[in-house]
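Colleague: Would you mind keeping the following structure in view while I ask a few things?
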Amino acid sequence: MNMSIRIGNGYDIHRLVADRPLIIGGVNIAHDKGLLGHSDADVLTHAVADALLGALSLGDIGTYFPPSDPQWAGADSLILLAQVYQMVRDRGWAIANVDSVIVAERPKLKPHIADIRKSLAEVLALAPDQVGVKATTNEKLGPTGREEGIAAYAVVLISQSA
Ligand code: MG
């Protein structure tokens, strides 16, 4: 048996503004600001989707869900992630694990990490222990540190048995 493995990485950042919900990894988090974007602006879900696409050199989510397409206005990003996951499966690949970091000065994300992992694991048909989600502040430095936005990084490992 030959096993192939691939790695992918994804990055995203969205601007924090008033009067928007804050949705991270599909979880709605109470906060005085939310992320601005064409879809629900779920920065972590976008980073994970880009990591999956990157592992197979399939481009990025903007290729498949362009902001110019009104169909994706306010879209639930978990639905986009489910479609990306299907593309990976269709090509015969399985996800080994996902790891990620959210960079946010506020709100404190620790109380939400378990829910976020569960939410992403559900869409990707993984166990929560295959989905690492960490949160860090940016020590008040740069755009994330000034609370102008929230960023996320993700890596995935996928494998294919033949
Ligand atoms: Mg995005």
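We label chains A, B, ... in the order they appear in the structure tokens, count residues from 1 in each chain, and number ligands from 1 in the order shown.
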Write out as CSV a residue-level contact list of chain A versus ligand 1 with cut-off 8 Å: for each qualifying residue the closest pair of atoms and the distance in Å to one decimal, counting only C-alpha atoms and all ligand atoms, rows sorted by chain and residue number upward.
Modeller:
```
residue,atom,partner,partner_atom_place_in_ligand_line,distance
A:Asp12,CA,ligand 1,1 (Mg),5.4
A:Ile13,CA,ligand 1,1 (Mg),6.3
A:His14,CA,ligand 1,1 (Mg),6.3
A:Gly37,CA,ligand 1,1 (Mg),7.0
A:Ala41,CA,ligand 1,1 (Mg),5.6
A:Asp42,CA,ligand 1,1 (Mg),6.6
A:Val43,CA,ligand 1,1 (Mg),5.2
A:His46,CA,ligand 1,1 (Mg),5.1
A:Ala47,CA,ligand 1,1 (Mg),7.2
```
Colleague: Deliver the residues from the most recent selection as a file, using all heavy atoms, as a PDB file, in the first residue's frame.
Modeller:
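part-v4.pdb, freshly written:
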```pdb
ATOM      1  N   ASP A  12      -6.314  34.171   6.965  1.00  0.00           N
ATOM      2  CA  ASP A  12      -7.350  35.150   6.631  1.00  0.00           C
ATOM      3  C   ASP A  12      -7.389  36.224   7.712  1.00  0.00           C
ATOM      4  O   ASP A  12      -6.958  36.009   8.850  1.00  0.00           O
ATOM      5  CB  ASP A  12      -8.714  34.467   6.517  1.00  0.00           C
ATOM      6  CG  ASP A  12      -9.735  35.332   5.787  1.00  0.00           C
ATOM      7  OD1 ASP A  12      -9.329  36.258   5.049  1.00  0.00           O
ATOM      8  OD2 ASP A  12     -10.943  35.088   5.951  1.00  0.00           O
ATOM      9  N   ILE A  13      -7.887  37.380   7.329  1.00  0.00           N
ATOM     10  CA  ILE A  13      -8.114  38.469   8.295  1.00  0.00           C
ATOM     11  C   ILE A  13      -9.371  39.211   7.865  1.00  0.00           C
ATOM     12  O   ILE A  13      -9.631  39.333   6.661  1.00  0.00           O
ATOM     13  CB  ILE A  13      -6.889  39.420   8.371  1.00  0.00           C
ATOM     14  CG1 ILE A  13      -7.057  40.463   9.490  1.00  0.00           C
ATOM     15  CG2 ILE A  13      -6.600  40.083   7.026  1.00  0.00           C
ATOM     16  CD1 ILE A  13      -5.764  41.207   9.848  1.00  0.00           C
ATOM     17  N   HIS A  14     -10.184  39.610   8.828  1.00  0.00           N
ATOM     18  CA  HIS A  14     -11.358  40.437   8.538  1.00  0.00           C
ATOM     19  C   HIS A  14     -11.391  41.609   9.512  1.00  0.00           C
ATOM     20  O   HIS A  14     -10.947  41.508  10.649  1.00  0.00           O
ATOM     21  CB  HIS A  14     -12.648  39.625   8.650  1.00  0.00           C
ATOM     22  CG  HIS A  14     -12.936  38.783   7.447  1.00  0.00           C
ATOM     23  ND1 HIS A  14     -13.738  39.198   6.410  1.00  0.00           N
ATOM     24  CD2 HIS A  14     -12.478  37.554   7.104  1.00  0.00           C
ATOM     25  CE1 HIS A  14     -13.784  38.245   5.491  1.00  0.00           C
ATOM     26  NE2 HIS A  14     -13.027  37.233   5.882  1.00  0.00           N
ATOM     27  N   GLY A  37     -17.541  41.433   6.079  1.00  0.00           N
ATOM     28  CA  GLY A  37     -17.203  40.652   4.895  1.00  0.00           C
ATOM     29  C   GLY A  37     -18.450  40.401   4.079  1.00  0.00           C
ATOM     30  O   GLY A  37     -19.567  40.671   4.520  1.00  0.00           O
ATOM     31  N   ALA A  41     -18.229  36.338   7.107  1.00  0.00           N
ATOM     32  CA  ALA A  41     -16.879  36.806   7.474  1.00  0.00           C
ATOM     33  C   ALA A  41     -16.234  35.950   8.562  1.00  0.00           C
ATOM     34  O   ALA A  41     -15.462  36.456   9.380  1.00  0.00           O
ATOM     35  CB  ALA A  41     -16.913  38.290   7.879  1.00  0.00           C
ATOM     36  N   ASP A  42     -16.545  34.673   8.539  1.00  0.00           N
ATOM     37  CA  ASP A  42     -15.993  33.743   9.542  1.00  0.00           C
ATOM     38  C   ASP A  42     -14.526  33.456   9.205  1.00  0.00           C
ATOM     39  O   ASP A  42     -14.192  32.562   8.425  1.00  0.00           O
ATOM     40  CB  ASP A  42     -16.827  32.459   9.534  1.00  0.00           C
ATOM     41  CG  ASP A  42     -16.413  31.464  10.602  1.00  0.00           C
ATOM     42  OD1 ASP A  42     -15.257  31.522  11.079  1.00  0.00           O
ATOM     43  OD2 ASP A  42     -17.257  30.617  10.950  1.00  0.00           O
ATOM     44  N   VAL A  43     -13.677  34.227   9.833  1.00  0.00           N
ATOM     45  CA  VAL A  43     -12.253  34.272   9.497  1.00  0.00           C
ATOM     46  C   VAL A  43     -11.560  32.910   9.669  1.00  0.00           C
ATOM     47  O   VAL A  43     -10.732  32.510   8.840  1.00  0.00           O
ATOM     48  CB  VAL A  43     -11.585  35.397  10.332  1.00  0.00           C
ATOM     49  CG1 VAL A  43     -11.616  35.079  11.819  1.00  0.00           C
ATOM     50  CG2 VAL A  43     -10.199  35.719   9.877  1.00  0.00           C
ATOM     51  N   HIS A  46     -12.727  30.387   6.988  1.00  0.00           N
ATOM     52  CA  HIS A  46     -12.091  30.711   5.705  1.00  0.00           C
ATOM     53  C   HIS A  46     -10.645  30.215   5.672  1.00  0.00           C
ATOM     54  O   HIS A  46     -10.191  29.687   4.651  1.00  0.00           O
ATOM     55  CB  HIS A  46     -12.119  32.219   5.455  1.00  0.00           C
ATOM     56  CG  HIS A  46     -13.505  32.757   5.235  1.00  0.00           C
ATOM     57  ND1 HIS A  46     -13.776  34.098   5.032  1.00  0.00           N
ATOM     58  CD2 HIS A  46     -14.708  32.128   5.201  1.00  0.00           C
ATOM     59  CE1 HIS A  46     -15.082  34.266   4.870  1.00  0.00           C
ATOM     60  NE2 HIS A  46     -15.667  33.083   4.977  1.00  0.00           N
ATOM     61  N   ALA A  47      -9.926  30.386   6.770  1.00  0.00           N
ATOM     62  CA  ALA A  47      -8.526  29.934   6.815  1.00  0.00           C
ATOM     63  C   ALA A  47      -8.448  28.410   6.672  1.00  0.00           C
ATOM     64  O   ALA A  47      -7.581  27.888   5.965  1.00  0.00           O
ATOM     65  CB  ALA A  47      -7.865  30.398   8.117  1.00  0.00           C
TER      66      ALA A  47
END
```
Colleague: Which residues come within 8 Å of Val131 (chain A), counting only C-alpha atoms, excluding same-chain residues fewer than 3 positions away, as number ranges by chain?
Modeller: A: 97-100, 117, 120-121, 126-128
Colleague: Return as a ChimeraX atom specification the full set of residues in chain A whose backbone-based DSSP assignment is strand (DSSP E or B).
Modeller: /A:3-17,22-24,27-29,34-35,94-103,131-136,149-161
Colleague: Taking only C-alpha atoms into account, which of A:Ser4, A:Val17, A:Gly59, A:Ala96 comes nearest Val155 (chain A)?
Modeller: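 The shortest atom-to-atom distance to Val155 (chain A) comes from A:Ala96.
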Colleague: Go through region 69-132 of chain A and collect every residue that DSSP, computed from the backbone, puts in alpha helix (DSSP H); the answer should be as a list of chain:residue names.
Modeller: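 After running DSSP on the backbone, region 69-132 of chain A has alpha helix (DSSP H) at A:Ser77, A:Leu78, A:Ile79, A:Leu80, A:Leu81, A:Ala82, A:Gln83, A:Val84, A:Tyr85, A:Gln86, A:Met87, A:Val88, A:Arg89, A:Asp90, A:Ile113, A:Ala114, A:Asp115, A:Ile116, A:Arg117, A:Lys118, A:Ser119, A:Leu120, A:Ala121, A:Glu122, A:Val123.
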Colleague: Rank nothing, just name the residue among A:Leu44, A:Lys140, A:Asp69, A:Glu148 nearest to Ala18 (chain A), using only C-alpha atoms.
Modeller: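 Looking only at the distances to Ala18 (chain A), the closest residue turns out to be A:Glu148.
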Colleague: Looking at A:Arg20, A:Arg6, A:Arg89, A:Arg146, which one is nearest to Ser39 (chain A), with distances taken over only C-alpha atoms?
Modeller: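 The closest residue to Ser39 (chain A) is A:Arg20.
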Colleague: If we count only C-alpha atoms and set the cut-off at 7 Å, which residues sit around Tyr11 (chain A), ignoring sequence neighbours fewer than 4 positions away in its own chain? Please answer as a list in words.
Modeller: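 Contacts, in chain order: Ala47, Ala152, Tyr153 and Ala154 of chain A.
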Colleague: Got a sec: who's within 9 Å of Ala94 (chain A), counting only C-alpha atoms, leaving out chain neighbours fewer than 2 positions off, as a list in words?
Modeller: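 After dropping sequence-adjacent residues, the list is Val88, Arg89, Gly92, Ala96, Leu157, Ile158, Ser159, Gln160 and Ser161 of chain A.
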Colleague: I'd like the contact shell of region 70-87 of chain A - 12 Å cut-off, only C-alpha atoms, skipping same-chain residues fewer than 2 positions apart - returned as an NGL selection string.
Modeller: :A and (20-21 or 23-28 or 35-68 or 89-95 or 116 or 119-126 or 156 or 158)
Colleague: Find the residue from A:Gly34, A:Ala135, A:Glu105, A:Asn2 that sits nearest to Arg15 (chain A); use only C-alpha atoms when measuring.
Modeller: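 Nearest candidate to Arg15 (chain A) out of A:Gly34, A:Ala135, A:Glu105, A:Asn2: A:Gly34.
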